[in-house]
$ cat entry_16.txt   # compact mmCIF, C-alpha atoms and all ligand atoms
# COMPACT_ATOMS: atom_id res chain seq x y z
CA MET C 27 -52.23 -16.07 3.03
CA SER C 28 -48.85 -15.10 1.63
CA GLU C 29 -45.66 -14.23 3.49
CA LEU C 30 -42.89 -11.77 2.73
CA ARG C 31 -39.54 -13.22 1.76
CA SER C 32 -36.25 -11.50 0.79
CA HIS C 33 -34.92 -12.28 -2.67
CA ILE C 34 -31.42 -11.51 -3.94
CA ARG C 35 -31.66 -9.46 -7.14
CA GLY C 36 -28.04 -8.54 -7.82
CA VAL C 37 -24.49 -8.88 -6.50
CA GLY C 38 -21.49 -6.60 -7.04
CA GLY C 39 -17.92 -6.27 -5.86
CA TYR C 40 -15.09 -3.78 -5.95
CA LEU C 41 -11.37 -4.10 -5.25
CA PRO C 42 -9.01 -1.11 -5.06
CA GLN C 43 -6.53 -0.99 -7.94
CA HIS C 44 -3.29 -1.25 -5.99
CA VAL C 45 -2.11 -4.84 -5.45
CA LEU C 46 0.30 -5.68 -2.62
CA THR C 47 2.07 -8.99 -3.24
CA ASN C 48 3.76 -11.32 -0.76
CA GLN C 49 7.07 -10.28 -2.31
CA ASP C 50 6.24 -6.64 -1.54
CA LEU C 51 5.61 -7.61 2.09
CA ALA C 52 8.86 -9.57 2.29
CA ALA C 53 10.62 -6.27 1.57
CA MET C 54 8.79 -4.62 4.49
CA VAL C 55 8.91 -7.25 7.31
CA GLU C 56 10.74 -10.53 8.02
CA THR C 57 8.51 -12.89 6.04
CA SER C 58 8.49 -14.76 2.75
CA ASP C 59 6.14 -15.64 -0.09
CA ASP C 60 6.60 -19.32 0.85
CA TRP C 61 5.60 -18.79 4.51
CA ILE C 62 2.53 -16.72 3.65
CA ARG C 63 1.31 -19.11 0.93
CA GLU C 64 1.93 -22.25 3.01
CA ARG C 65 0.30 -20.94 6.20
CA THR C 66 -2.58 -18.93 4.66
CA GLY C 67 -2.93 -19.56 0.91
CA ILE C 68 -2.70 -15.79 0.31
CA ARG C 69 -0.68 -14.54 -2.69
CA GLU C 70 -1.77 -10.91 -2.88
CA ARG C 71 -4.27 -8.40 -1.54
CA HIS C 72 -5.67 -5.04 -2.70
CA ILE C 73 -4.96 -1.84 -0.78
CA ALA C 74 -7.05 1.35 -0.96
CA GLU C 75 -5.43 4.53 -2.27
CA GLU C 76 -4.88 7.43 0.11
CA GLY C 77 -8.22 9.24 0.28
CA GLU C 78 -10.19 6.23 -0.98
CA LEU C 79 -12.74 5.67 1.78
CA THR C 80 -14.77 2.67 2.90
CA SER C 81 -17.89 4.49 1.62
CA ASP C 82 -16.26 4.94 -1.83
CA ILE C 83 -15.57 1.20 -1.99
CA ALA C 84 -19.11 0.42 -0.80
CA VAL C 85 -20.57 2.75 -3.44
CA GLU C 86 -18.62 1.09 -6.30
CA ALA C 87 -19.76 -2.39 -5.23
CA SER C 88 -23.35 -1.19 -4.75
CA ARG C 89 -23.53 0.52 -8.16
CA LEU C 90 -22.56 -2.75 -9.84
CA ALA C 91 -25.04 -4.77 -7.76
CA LEU C 92 -27.87 -2.32 -8.57
CA GLU C 93 -26.98 -2.25 -12.27
CA ARG C 94 -27.03 -6.06 -12.43
CA ALA C 95 -30.33 -6.12 -10.54
CA GLY C 96 -31.81 -3.56 -12.93
CA ILE C 97 -32.86 -1.50 -9.90
CA ALA C 98 -32.43 2.27 -9.70
CA PRO C 99 -30.73 3.73 -6.57
CA GLY C 100 -33.94 5.69 -5.90
CA GLU C 101 -35.76 2.40 -5.20
CA VAL C 102 -33.44 1.51 -2.31
CA ASP C 103 -35.04 2.28 1.05
CA LEU C 104 -32.68 0.35 3.36
CA ILE C 105 -28.87 0.23 3.54
CA VAL C 106 -27.17 -2.06 6.05
CA LEU C 107 -23.39 -1.73 5.83
CA ALA C 108 -21.09 -4.13 7.65
CA THR C 109 -17.74 -2.54 8.40
CA THR C 110 -15.05 -2.36 11.06
CA THR C 111 -13.30 0.51 9.31
CA PRO C 112 -15.89 3.33 9.05
CA ASP C 113 -15.14 6.64 7.33
CA GLN C 114 -15.72 8.45 10.63
CA THR C 115 -16.66 7.51 14.19
CA PHE C 116 -20.09 8.90 13.32
CA PRO C 117 -22.29 9.23 11.36
CA ALA C 118 -22.62 5.67 10.11
CA THR C 119 -20.73 5.05 6.86
CA ALA C 120 -24.02 3.73 5.42
CA THR C 121 -25.33 7.30 5.48
CA ALA C 122 -22.40 8.43 3.29
CA VAL C 123 -23.31 5.62 0.88
CA GLN C 124 -26.96 6.77 0.97
CA ALA C 125 -25.89 10.32 0.05
CA LYS C 126 -23.35 9.32 -2.63
CA LEU C 127 -25.79 6.94 -4.34
CA ALA C 128 -28.77 9.27 -3.87
CA THR C 129 -30.96 6.40 -2.74
CA GLY C 130 -34.62 6.80 -1.83
CA GLU C 131 -36.18 7.81 1.46
CA GLY C 132 -35.52 5.18 4.13
CA ALA C 133 -32.87 4.13 6.66
CA ALA C 134 -29.13 3.51 6.53
CA PHE C 135 -26.96 2.20 9.34
CA ASP C 136 -23.78 0.21 10.04
CA VAL C 137 -23.36 -3.21 11.62
CA GLN C 138 -20.13 -4.07 13.47
CA ALA C 139 -19.34 -7.77 13.72
CA VAL C 140 -15.88 -7.68 12.12
CA CYS C 141 -15.31 -10.65 9.76
CA SER C 142 -18.82 -12.00 10.41
CA GLY C 143 -20.34 -8.58 9.75
CA PHE C 144 -21.82 -9.39 6.35
CA LEU C 145 -23.81 -12.31 7.77
CA PHE C 146 -25.08 -10.17 10.67
CA ALA C 147 -26.04 -7.44 8.16
CA LEU C 148 -27.80 -9.97 5.92
CA ALA C 149 -29.80 -11.35 8.88
CA THR C 150 -30.71 -7.80 10.01
CA ALA C 151 -31.84 -6.62 6.57
CA ASP C 152 -33.70 -9.88 5.91
CA SER C 153 -35.64 -9.52 9.18
CA MET C 154 -36.62 -5.93 8.34
CA LEU C 155 -37.72 -6.83 4.81
CA ARG C 156 -39.76 -9.80 6.05
CA GLN C 157 -41.51 -7.53 8.55
CA GLY C 158 -42.47 -5.20 5.72
CA LEU C 159 -40.54 -2.25 7.17
CA PHE C 160 -38.71 -1.72 3.84
CA ARG C 161 -38.91 -3.12 0.32
CA THR C 162 -35.49 -2.82 -1.33
CA ALA C 163 -32.25 -3.24 0.62
CA LEU C 164 -28.58 -2.88 -0.11
CA VAL C 165 -26.56 -5.19 2.14
CA ILE C 166 -22.90 -4.27 1.96
CA GLY C 167 -19.62 -5.49 3.41
CA ALA C 168 -16.85 -2.92 2.85
CA GLU C 169 -13.49 -2.39 4.51
CA THR C 170 -10.30 -0.35 4.42
CA PHE C 171 -8.65 -2.76 6.84
CA SER C 172 -5.21 -1.54 5.75
CA ARG C 173 -5.85 1.56 7.91
CA ILE C 174 -5.86 -0.46 11.17
CA ILE C 175 -2.90 -2.69 10.32
CA ASP C 176 0.43 -2.34 12.12
CA TRP C 177 2.64 -2.62 9.03
CA SER C 178 5.62 -3.61 11.20
CA ASP C 179 3.78 -6.65 12.71
CA ARG C 180 4.42 -9.65 10.43
CA THR C 181 1.91 -11.79 12.31
CA THR C 182 -1.02 -9.66 11.08
CA CYS C 183 0.10 -7.42 8.20
CA VAL C 184 0.38 -10.30 5.72
CA LEU C 185 -3.23 -11.39 6.24
CA PHE C 186 -5.57 -8.53 5.39
CA GLY C 187 -6.71 -6.55 2.36
CA ASP C 188 -9.29 -3.92 1.34
CA GLY C 189 -12.44 -4.26 -0.75
CA GLY C 190 -16.20 -4.35 -0.79
CA GLY C 191 -19.14 -6.41 -1.94
CA ALA C 192 -22.86 -5.68 -2.09
CA VAL C 193 -26.12 -7.54 -2.49
CA VAL C 194 -29.47 -6.03 -3.51
CA MET C 195 -32.42 -7.70 -1.78
CA GLN C 196 -36.13 -7.17 -2.31
CA ALA C 197 -39.13 -8.26 -0.29
CA GLU C 198 -41.64 -10.28 -2.26
CA ALA C 199 -44.87 -11.93 -1.18
CA GLY C 200 -45.14 -15.65 -1.78
CA ALA C 201 -46.82 -18.79 -0.50
CA PRO C 202 -45.75 -19.69 3.08
CA GLY C 203 -42.85 -22.13 3.09
CA ALA C 204 -42.18 -21.66 -0.64
CA GLY C 205 -38.52 -22.16 -1.55
CA GLY C 206 -36.25 -19.44 -2.88
CA GLY C 207 -34.70 -16.26 -1.60
CA VAL C 208 -33.04 -15.89 1.76
CA ILE C 209 -33.87 -18.96 3.83
CA ALA C 210 -32.17 -18.99 7.25
CA HIS C 211 -29.50 -17.47 9.48
CA HIS C 212 -27.51 -18.67 12.49
CA VAL C 213 -25.49 -15.93 14.24
CA ARG C 214 -23.62 -16.14 17.53
CA THR C 215 -21.04 -14.22 19.62
CA ASP C 216 -18.82 -15.04 22.62
CA GLY C 217 -17.50 -11.89 24.29
CA THR C 218 -15.25 -13.84 26.64
CA LYS C 219 -12.84 -14.49 23.73
CA SER C 220 -12.44 -10.84 22.68
CA GLY C 221 -8.81 -10.71 23.90
CA LEU C 222 -7.68 -13.14 21.20
CA LEU C 223 -8.53 -10.82 18.28
CA TYR C 224 -9.08 -7.10 18.77
CA VAL C 225 -7.91 -3.56 17.97
CA ASP C 226 -5.78 -1.97 20.69
CA GLY C 227 -7.48 1.41 20.49
CA GLY C 228 -10.91 2.98 20.45
CA VAL C 229 -12.96 6.10 20.97
CA SER C 230 -13.94 5.44 24.56
CA SER C 231 -10.77 3.70 25.74
CA THR C 232 -7.68 5.31 24.17
CA ARG C 233 -9.25 7.98 21.92
CA THR C 234 -7.11 6.52 19.12
CA ILE C 235 -7.87 4.22 16.20
CA GLY C 236 -5.47 1.45 17.23
CA HIS C 237 -4.11 -1.59 15.38
CA VAL C 238 -5.23 -5.19 14.91
CA ARG C 239 -3.80 -7.65 17.43
CA MET C 240 -4.34 -11.38 17.20
CA GLN C 241 -3.23 -14.65 18.75
CA GLY C 242 -3.52 -16.32 15.38
CA ASN C 243 -3.09 -19.98 16.28
CA LYS C 244 -5.72 -19.78 19.06
CA VAL C 245 -8.15 -17.95 16.75
CA PHE C 246 -7.52 -20.60 14.10
CA LYS C 247 -8.70 -23.45 16.34
CA HIS C 248 -11.84 -21.60 17.44
CA ALA C 249 -12.54 -20.62 13.82
CA VAL C 250 -12.67 -24.21 12.59
CA ALA C 251 -14.78 -25.33 15.59
CA ASN C 252 -17.24 -22.40 15.57
CA ILE C 253 -17.73 -22.32 11.80
CA SER C 254 -18.26 -26.09 11.72
CA SER C 255 -20.88 -25.88 14.49
CA ALA C 256 -22.71 -22.99 12.74
CA VAL C 257 -22.76 -24.86 9.42
CA GLN C 258 -23.97 -28.06 11.09
CA ALA C 259 -26.68 -26.15 13.00
CA ILE C 260 -28.08 -24.41 9.93
CA LEU C 261 -28.02 -27.66 7.93
CA ASP C 262 -29.80 -29.56 10.74
CA ASP C 263 -32.38 -26.80 11.31
CA ASN C 264 -33.31 -26.93 7.64
CA GLY C 265 -33.20 -30.70 7.23
CA LEU C 266 -30.26 -30.54 4.80
CA GLY C 267 -26.94 -32.32 4.37
CA PRO C 268 -23.72 -30.94 2.82
CA ASP C 269 -24.59 -32.58 -0.52
CA ASP C 270 -27.78 -30.51 -0.81
CA ILE C 271 -25.73 -27.29 -0.99
CA ASP C 272 -24.59 -26.17 -4.45
CA TRP C 273 -21.87 -23.82 -3.19
CA PHE C 274 -20.22 -22.96 0.11
CA VAL C 275 -19.17 -19.30 0.10
CA PRO C 276 -17.09 -18.86 3.27
CA HIS C 277 -15.37 -15.90 4.86
CA GLN C 278 -11.86 -15.85 3.41
CA ALA C 279 -9.39 -15.76 6.31
CA ASN C 280 -7.09 -18.66 5.60
CA GLN C 281 -7.20 -21.51 3.07
CA ARG C 282 -6.34 -23.92 5.90
CA ILE C 283 -9.53 -22.88 7.75
CA LEU C 284 -11.60 -23.47 4.59
CA ASP C 285 -9.98 -26.88 4.15
CA GLY C 286 -10.31 -27.76 7.87
CA VAL C 287 -14.06 -27.01 7.92
CA ALA C 288 -14.61 -28.87 4.63
CA LYS C 289 -12.79 -31.92 6.00
CA LYS C 290 -14.60 -31.86 9.36
CA LEU C 291 -18.04 -31.70 7.74
CA ALA C 292 -17.24 -33.95 4.75
CA ILE C 293 -17.89 -31.09 2.32
CA ASP C 294 -16.62 -31.62 -1.22
CA GLU C 295 -13.74 -29.10 -1.59
CA ASP C 296 -14.72 -28.50 -5.22
CA ARG C 297 -17.89 -26.80 -3.99
CA VAL C 298 -16.06 -24.33 -1.70
CA ILE C 299 -15.47 -20.89 -3.26
CA SER C 300 -12.01 -19.58 -2.40
CA THR C 301 -10.71 -16.11 -3.22
CA VAL C 302 -8.26 -15.95 -0.34
CA ALA C 303 -5.25 -16.19 -2.70
CA GLU C 304 -6.21 -13.03 -4.60
CA HIS C 305 -8.04 -10.99 -1.94
CA GLY C 306 -6.49 -11.95 1.42
CA ASN C 307 -8.81 -11.44 4.39
CA THR C 308 -11.06 -8.46 3.63
CA SER C 309 -13.10 -8.91 6.83
CA ALA C 310 -16.81 -8.07 6.28
CA ALA C 311 -16.23 -7.71 2.53
CA SER C 312 -14.91 -11.21 1.94
CA ILE C 313 -18.20 -13.13 1.56
CA PRO C 314 -19.91 -10.78 -0.93
CA LEU C 315 -16.59 -10.43 -2.81
CA ALA C 316 -16.26 -14.22 -3.07
CA LEU C 317 -19.91 -14.55 -4.11
CA ASN C 318 -19.40 -11.86 -6.75
CA ALA C 319 -16.28 -13.58 -8.10
CA ALA C 320 -18.09 -16.93 -8.38
CA ILE C 321 -21.06 -15.31 -10.16
CA GLU C 322 -18.74 -13.47 -12.55
CA ASP C 323 -16.94 -16.69 -13.53
CA HIS C 324 -20.34 -18.47 -13.90
CA ARG C 325 -19.77 -21.07 -11.21
CA VAL C 326 -22.66 -19.76 -9.11
CA ARG C 327 -25.85 -19.66 -11.21
CA PRO C 328 -29.41 -18.43 -10.59
CA GLY C 329 -31.51 -20.78 -8.46
CA GLN C 330 -28.57 -22.45 -6.73
CA LEU C 331 -28.47 -23.03 -2.98
CA ILE C 332 -25.64 -21.19 -1.19
CA LEU C 333 -24.34 -21.63 2.33
CA SER C 334 -22.13 -18.83 3.69
CA GLU C 335 -20.20 -18.92 6.94
CA ALA C 336 -17.81 -16.71 8.88
CA MET C 337 -15.98 -16.21 12.15
CA GLY C 338 -14.22 -13.11 13.43
CA GLY C 339 -13.43 -10.77 16.31
CA GLY C 340 -15.80 -10.74 19.25
CA PHE C 341 -15.74 -13.67 18.77
CA SER C 342 -18.60 -13.48 16.32
CA TRP C 343 -19.58 -16.24 13.92
CA GLY C 344 -22.46 -17.54 11.89
CA ALA C 345 -23.92 -19.05 8.75
CA SER C 346 -26.59 -18.06 6.22
CA LEU C 347 -28.54 -20.13 3.73
CA PHE C 348 -30.01 -18.57 0.58
CA ARG C 349 -30.91 -19.18 -3.04
CA ILE C 350 -29.28 -16.79 -5.43
O1 LIG C 401 -10.86 -13.42 9.97
C1 LIG C 401 -10.89 -13.38 11.34
C2 LIG C 401 -10.38 -14.60 11.94
N1 LIG C 401 -8.97 -14.72 11.73
C3 LIG C 401 -8.47 -15.88 11.46
O2 LIG C 401 -9.25 -16.78 11.30
C4 LIG C 401 -7.00 -16.07 11.44
C5 LIG C 401 -6.69 -17.34 12.13
N2 LIG C 401 -5.27 -17.66 12.25
C6 LIG C 401 -4.51 -17.94 11.19
O3 LIG C 401 -4.90 -17.85 10.06
C7 LIG C 401 -3.10 -18.46 11.48
O4 LIG C 401 -2.99 -18.73 12.86
C8 LIG C 401 -1.97 -17.49 11.06
C9 LIG C 401 -1.86 -17.46 9.56
C10 LIG C 401 -2.26 -16.10 11.60
C11 LIG C 401 -0.64 -17.95 11.61
O5 LIG C 401 -0.37 -19.30 11.21
P1 LIG C 401 0.10 -20.39 12.28
O6 LIG C 401 0.36 -21.62 11.53
O7 LIG C 401 -0.99 -20.44 13.34
O8 LIG C 401 1.43 -19.79 12.83
P2 LIG C 401 1.84 -19.36 14.32
O9 LIG C 401 1.09 -18.13 14.72
O10 LIG C 401 1.72 -20.54 15.24
O11 LIG C 401 3.36 -19.00 14.13
C12 LIG C 401 4.32 -19.98 13.71
C13 LIG C 401 5.65 -19.31 13.54
C14 LIG C 401 6.04 -18.41 14.71
O12 LIG C 401 7.44 -18.54 14.91
P3 LIG C 401 8.03 -19.49 16.06
O13 LIG C 401 7.46 -18.96 17.35
O14 LIG C 401 7.54 -20.87 15.73
O15 LIG C 401 9.49 -19.32 15.93
C15 LIG C 401 5.75 -17.03 14.23
O16 LIG C 401 6.55 -16.04 14.84
O17 LIG C 401 5.61 -18.44 12.40
C16 LIG C 401 6.10 -17.14 12.76
N3 LIG C 401 5.43 -16.14 11.93
C17 LIG C 401 5.87 -15.78 10.72
N4 LIG C 401 6.95 -16.16 10.00
C18 LIG C 401 7.12 -15.61 8.80
C19 LIG C 401 4.27 -15.48 12.19
N5 LIG C 401 3.97 -14.67 11.18
C20 LIG C 401 4.96 -14.84 10.25
C21 LIG C 401 5.19 -14.29 8.97
N6 LIG C 401 6.26 -14.71 8.28
N7 LIG C 401 4.33 -13.39 8.40

$ encode --input "entry_16.txt" --output "structure tokens" --more "lines below"
Ligand code: UT7
Amino acid sequence: MSELRSHIRGVGGYLPQHVLTNQDLAAMVETSDDWIRERTGIRERHIAEEGELTSDIAVEASRLALERAGIAPGEVDLIVLATTTPDQTFPATATAVQAKLATGEGAAFDVQAVCSGFLFALATADSMLRQGLFRTALVIGAETFSRIIDWSDRTTCVLFGDGGGAVVMQAEAGAPGAGGGVIAHHVRTDGTKSGLLYVDGGVSSTRTIGHVRMQGNKVFKHAVANISSAVQAILDDNGLGPDDIDWFVPHQANQRILDGVAKKLAIDEDRVISTVAEHGNTSAASIPLALNAAIEDHRVRPGQLILSEAMGGGFSWGASLFRI
């Protein structure tokens, strides 16, 4: 008897060309490079050009991931795209990606779990591949978060950026319990905390797009607690300790959150991938973008064990364990 398992074949990322620095922001709102770097670790972020859509960003990241995997777009039969900033209210942005890439016959849909979206998308695609519903999946996190930012609100506008990352996964039969591939997921939400981080508009409520609103310091405390509990749970469920993990690839919201979680769980900071300084918080895109960066600079190597974690609006949070 063999069982189906999802294996990661390729990773890609894309950042829009335009870079917005802390100094640029200091000319727009009452803030400073010092404040932003001290409180968040962010130095700069990338902002999409006018007319550059979430699907365009997703397509660029996916092309690179497919090229590195040596897999033709026609082989892809599942696209799961995590985004909070879709091209349109409907259809799903994943269908625009399907059309632009000319992928094979199959299914494409979006997942909405804000900054945790990539982990929810990974868990969804993994489940479908393991069931044998599809064979080759693109799992994407892509955002044009700049479009839902209130650029006069200094408490949020300094935090976010645009970008996208993609992972190609394939189902492969193997011996039950054999190591390798995507191993485990832990995803959770708590709708009672939605008022701490949300967008003040929507199709059904205001018929507008709205802007991001956040009680940052409250979100911060929950982020450290929820991420730590998700990481501990996935380690315990799989009989692992922090030292068994080669690399932690977290959602990139704030360097202080990364440091806080590492300290709480006694994780060696040298094994935490951080791109927050260069990317800012790119919501669902931040994990695959960080993974891509660490593969490109040869820190993350084939066969290594990766633990990803995230927390975002909803609240939603989670962790995933996989071998690259
Ligand atoms: O990815 C989804 C999840 N999101 C997060 O995880 C974000 C979590 N939160 C955070 O990262 C942090 O809470 C922030 C970076 C958003 C804020 O840092 P903080 O240390 O929690 O600051 P604070 O909100 O408590 O504000 C401290 C002070 C306030 O002034 P007063 O009331 O002490 O006079 C703010 O008005 O800093 C002020 N402030 C700023 N000052 C300069 C807030 N934003 C700015 C700014 N520049 N951009």

$ residues_near_point --input "entry_16.txt" --point "(-10.2, -15.4, 24.9)" --cutoff "10 Å" --atoms "only C-alpha atoms" --output "list of chain:residue names"
C:Asp216, C:Gly217, C:Thr218, C:Lys219, C:Ser220, C:Gly221, C:Leu222, C:Leu223, C:Gln241, C:Lys244, C:Val245, C:His248, C:Gly340, C:Phe341

$ atom_distance --input "entry_16.txt" --atom1 "atom CA of C:Arg325" --atom2 "atom CA of C:Arg94"
16.7 Å

$ residues_around --input "entry_16.txt" --residues "C:Asp152" --least-positions-apart "2" --cutoff "10 Å" --atoms "all atoms listed in the file" --output "PyMOL selection string"
chain C and resi 30-33+146-150+154-158+160+163+165+195-197+207-211

$ residues_near_point --input "entry_16.txt" --point "(-14.7, -13.3, 1.1)" --cutoff "12 Å" --atoms "all atoms listed in the file" --output "ChimeraX atom specification"
/C:39-41,71,141-145,167-169,186-192,274-281,284,298-320,334-337

$ closest_residue --input "entry_16.txt" --among "C:Ala251, C:Leu92, C:Ala84, C:Ala122" --to "ligand LIG 401 (chain C)" --atoms "only C-alpha atoms and all ligand atoms"
C:Ala251

$ closest_residue --input "entry_16.txt" --among "C:Gly206, C:Gly265, C:Gly200, C:Gly67" --to "ligand LIG 401 (chain C)" --atoms "all atoms listed in the file"
C:Gly67

$ closest_residue --input "entry_16.txt" --among "C:Gly242, C:Pro328, C:Gly96, C:Gly344" --to "ligand LIG 401 (chain C)" --atoms "all atoms listed in the file"
C:Gly242
